[in-house]
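Taking it in order: structure first as structure tokens, then the write-up.
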Amino acid sequence: MTDETDFDVIVIGAGMAGAATAFQLLKEGMEGDRILVVERGDPVGAKNMSGGILWGRELDDFEEYLGNWEMECNGIERYINHKKIGFLSSEDAVFVEGKFASWDGIGGTEEPSQRAAWSVLRAKTDAWLAEKMEEAGIFVMAGIKIDQLHIRTRDGKGDDAEISDLDHTSYTARDLTDPAPDSGEGGAQKWKVDNLPKDVVEAIRNGIISGIVQDGEVMTSKVVVIAEGSNSVLTRGYHFDSMLHAQSKDDMLLGVKEVIHLGKERIDERFNCFAGDDSRPPSGMAMELALSLYRDMAEQAWEDYPDTAGQMPRCGGFFYTNLDTVSCGIIVQLKSLPQGLHTYDLYQAFKEQPAIAALIDGGEVLEYSGHLCPEFGLHRMPHRFARDGAIVVGDAAGLVFANGMMIQGMNNALHSGKLAGKAIAKCIGDNDVSETALNATYTKSLKASYIFRDLKRFEPATKFLNDDANFTWVPELIGKTANRVFREIGEEKITAEKVFFGTRKDLRKKSRAYKKGMGWLNLIRIGMLGRKL
Amino acid sequence: MSDKKQKLGLFTYDIKNGLGLIGYNIDDHEHAHIIVDVDKCDDCSHMMCVWGCPAQCYNFRDQGLEKMKFQYEDCVECGTCFIMCDQGAVSWNHPRGGFGITYNQG
């Protein structure tokens, strides 16, 4: 490619992944005015939502642009030194709780002393990152949605090949992801794009991506980075992923969250937080929970809509402290959602669980939000990460890790952005941004990185986390056992073991699913799966 | 310990109130970002969009309606309906730049 392009790199999406890509490109020596970051939210951050914990110190690598980000960024709310996981049934709540001195990052501990997790509010964080990008000289355009990518096609082979532009008016953005009128149901679905002329389809799927189209205007670049987030229209539209896979419910979560204002003092007091000083932000708590709250709601739904009778919604709860607010929400595995249950009503059950209700008592809800999350990345990843002139990073590439103890996506987004930045700088330097070159750099380094290694290692854990047991009888069994072991009601005491078996016996009478779930074979199976967490 | 069934309760979130807390810059109908072919919904047996949508944009038999009633204005742009619909009724794209939901917290 000898002709000059408008930019070297255009990044679509100013979230964590997009920002990391842009900063890394700067670090690799690219001029800021050769990088364009476009973002559909105006202001930047307006569309962005996450559960709320940023794990890992990935941002440290950009210290030259971000300074002391931990103290200066107003969206980075509290550092986490207090981590809880728990089992919630309708009346019992059992927590495993850790407070870790080494997480304070002030030294004097045997374990490496480092603050490595922060509660964040993305609207503020991403706006701040965008500000820093602009200060560093990167072009950031907010309020710009990209409908189409600019595509060029190659006719012939080698140096003699004739390169021509694909006329972007020959199809519309909606053609790419819309169901065709003659589409069938379920697996027989077809998309409008399938009915376009063959050469156009071929260009869309395998042509050279060389820029963006916005409002009919073309802006060219050597590489386009798709950092659109978990609901990426461009990833599915431009065939990084097949439409059927992009639309699959498997391992796709919906997060529903409220940000609730409690005031800083009240949070400091209620959660025993460090109040913060000049060198350290305030501390906070992060909590994730397995929920079994829905037996009655589900039974009612099964009665009204018998088609999905027996299907129990699998939900996890999360609760994070921000500076003067808390993030309180649930994630719903979409595949498990039965008919008759609204996702927001499932959230209400979590909010009203006595242990959670006490934590948000007296709070004022500031914001309600919903967002998709591609859990267990390996299954949610697009089929390719790169094609000629374009790559996909972050949530758009499905790089989210979950093992039940923690769920992380933002650090993976940052890390993949860095790898992308390095790879693109090298490929542009070598004057080869073909799919092969990008795969040999970006995809290869991604697959060798901790992101992929974690996802692979913890793949067995996904089976455990997808098991109905964790969302039905496990929280109840743990809750009831603990309840009876700790309690004194003027009766003769029995050993924990006996309580456990007694509780198991009682619970097994409740329903057939419980009876089957708590059979010995299944208990052993769950135990074996759980060991891989 | 009793054989009586323990009551866990049914819960209802005040979704109208929740959505009222979000800032929107609503685009005109001509530029609606989601277009639903509601005739296709007639034969749908599961209405998973209704159950999945966290913003109650889809109202149908659950509300006693005979015809699917869709409104894009309250959409939080999550994309759940696109994933839930297997009837080919949902055409999904992001709103035009600057339009749609505006989170202040995120």
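Residue numbers start at 1 in each chain; chains themselves are named A, B, ... in the order of the structure tokens; ligands are numbered from 1 in the order shown.
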When the cut-off is 8 Å and we count only C-alpha atoms, which residues of chain B are near chain A, given as a ChimeraX atom specification? /B:7-13,15,18-19,21-22,46-48,50-55,62,76-80,82-84,86-99,101-106
Name the residues in contact with range 9-13 of chain A at a cut-off of 7 Å, using only C-alpha atoms, excluding same-chain residues fewer than 6 positions from it; report them as number ranges by chain. A: 34-39, 221-228
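Here the DSSP assignment of strand (DSSP E), based on backbone atoms, applies within range 17-70 of chain B to B:Gly23, B:Tyr24, B:Asn25, B:Ile34, B:Ile35, B:Val36, B:Tyr58, B:Asn59, B:Lys69, B:Phe70.
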Write out as a PyMOL selection string which residues come within 9 Å of Pro475 in chain A when counting only C-alpha atoms, dropping same-chain ones fewer than 6 positions away. chain A and resi 86-89+92-94+290-292+469
Please write the residues from the selection above to a file, keeping C-alpha atoms, as a PDB file, in the first residue's frame.
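Saved file out.pdb follows:
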```
ATOM      1  CA  GLY A  86     -21.321 -15.890  49.266  1.00  0.00           C
ATOM      2  CA  PHE A  87     -24.294 -18.156  48.909  1.00  0.00           C
ATOM      3  CA  LEU A  88     -27.657 -16.495  49.098  1.00  0.00           C
ATOM      4  CA  SER A  89     -30.939 -18.262  49.564  1.00  0.00           C
ATOM      5  CA  ASP A  92     -29.928 -17.409  54.681  1.00  0.00           C
ATOM      6  CA  ALA A  93     -26.720 -15.760  53.559  1.00  0.00           C
ATOM      7  CA  VAL A  94     -23.375 -17.461  54.071  1.00  0.00           C
ATOM      8  CA  ALA A 290     -24.501 -17.474  43.967  1.00  0.00           C
ATOM      9  CA  LEU A 291     -28.231 -16.905  44.151  1.00  0.00           C
ATOM     10  CA  SER A 292     -31.007 -19.315  44.931  1.00  0.00           C
ATOM     11  CA  ALA A 469     -26.968 -27.042  41.422  1.00  0.00           C
TER      12      ALA A 469
END
```
For Leu65 in chain B: contacts at 12 Å, only C-alpha atoms, fewer than 6 positions along chain excluded, given as a list in words: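 Answer for this query is Cys41, Asp42, Tyr58 and Asn59 of chain B.
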Export of the given selection (C-alpha atoms) as a PDB file, in the first residue's frame:
```pdb
ATOM      1  CA  CYS B  41     -44.309 -12.069  16.665  1.00  0.00           C
ATOM      2  CA  ASP B  42     -47.850 -13.365  16.196  1.00  0.00           C
ATOM      3  CA  TYR B  58     -41.397  -5.269  24.487  1.00  0.00           C
ATOM      4  CA  ASN B  59     -45.002  -5.627  25.643  1.00  0.00           C
TER       5      ASN B  59
END
```
Using DSSP secondary structure from the backbone, list all helix (DSSP H, G or I) positions within chain B, as a ChimeraX atom specification. /B:15-20,29-31,38-41,48-52,61-63,80-84
Export of prior selection with C-alpha atoms as a PDB file, in the first residue's frame:
```
ATOM      1  CA  ILE B  15     -39.095  -0.688  36.054  1.00  0.00           C
ATOM      2  CA  LYS B  16     -40.782   2.582  35.075  1.00  0.00           C
ATOM      3  CA  ASN B  17     -39.128   4.258  38.036  1.00  0.00           C
ATOM      4  CA  GLY B  18     -35.770   2.648  37.203  1.00  0.00           C
ATOM      5  CA  LEU B  19     -35.884   3.801  33.604  1.00  0.00           C
ATOM      6  CA  GLY B  20     -36.926   7.255  34.737  1.00  0.00           C
ATOM      7  CA  HIS B  29     -39.091   7.435  14.865  1.00  0.00           C
ATOM      8  CA  GLU B  30     -37.638   7.547  11.401  1.00  0.00           C
ATOM      9  CA  HIS B  31     -34.239   6.728  12.922  1.00  0.00           C
ATOM     10  CA  VAL B  38     -44.340  -7.300  14.851  1.00  0.00           C
ATOM     11  CA  ASP B  39     -46.277  -9.516  12.453  1.00  0.00           C
ATOM     12  CA  LYS B  40     -43.633 -12.176  12.933  1.00  0.00           C
ATOM     13  CA  CYS B  41     -44.309 -12.069  16.665  1.00  0.00           C
ATOM     14  CA  MET B  48     -38.168 -14.380  25.081  1.00  0.00           C
ATOM     15  CA  CYS B  49     -37.550 -10.745  24.111  1.00  0.00           C
ATOM     16  CA  VAL B  50     -40.255  -9.750  26.579  1.00  0.00           C
ATOM     17  CA  TRP B  51     -38.643 -11.705  29.399  1.00  0.00           C
ATOM     18  CA  GLY B  52     -35.063 -10.838  28.562  1.00  0.00           C
ATOM     19  CA  ARG B  61     -49.337 -11.230  25.845  1.00  0.00           C
ATOM     20  CA  ASP B  62     -47.770 -10.797  29.284  1.00  0.00           C
ATOM     21  CA  GLN B  63     -49.531  -7.435  29.413  1.00  0.00           C
ATOM     22  CA  THR B  80     -30.503  -8.940  24.600  1.00  0.00           C
ATOM     23  CA  CYS B  81     -33.573  -8.931  22.325  1.00  0.00           C
ATOM     24  CA  PHE B  82     -31.398  -9.557  19.283  1.00  0.00           C
ATOM     25  CA  ILE B  83     -30.000 -12.629  21.002  1.00  0.00           C
ATOM     26  CA  MET B  84     -33.307 -13.853  22.363  1.00  0.00           C
TER      27      MET B  84
END
```
Nearest to Arg487 in chain A by atom-to-atom distance, counting only C-alpha atoms, from A:Asn439, A:Val499, A:Pro281, A:Arg152: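 Ranking A:Asn439, A:Val499, A:Pro281, A:Arg152 by distance to Arg487 in chain A, first place goes to A:Val499.
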Close residues, Glu73 in chain B itself excluded, 8 Å, only C-alpha atoms, min 5 positions apart in chain, as a PDB file with C-alpha atoms, in the first residue's frame:
```pdb
ATOM      1  CA  ILE B  26     -34.261  10.122  21.964  1.00  0.00           C
ATOM      2  CA  CYS B  57     -39.390  -2.253  25.567  1.00  0.00           C
ATOM      3  CA  GLY B 100     -29.953   6.991  22.813  1.00  0.00           C
TER       4      GLY B 100
END
```
Give me the residues near range 193-204 of chain A as a list in words, where near means some atom within 7 Å (using only C-alpha atoms) and where sequence neighbours in that chain fewer than 2 positions away do not count.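 Near range 193-204 of chain A, the qualifying residues are Thr153, Asp175, Leu176, Trp191, Asn206, Gly207 and Tyr238 of chain A.
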Between CA of Gly421 in chain A and CA of Gly137 in chain A, what is the spacing in Å?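 Separation of CA of Gly137 in chain A and CA of Gly421 in chain A: 16.0 Å.
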Name all residues at most 9 Å from Ala437 in chain A (count only C-alpha atoms; drop same-chain ones fewer than 4 positions away) and give them as a list in words.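 Here the answer would be Asp388, Ala423, Cys427, Asp432, Val433, Thr441 and Tyr442 of chain A.
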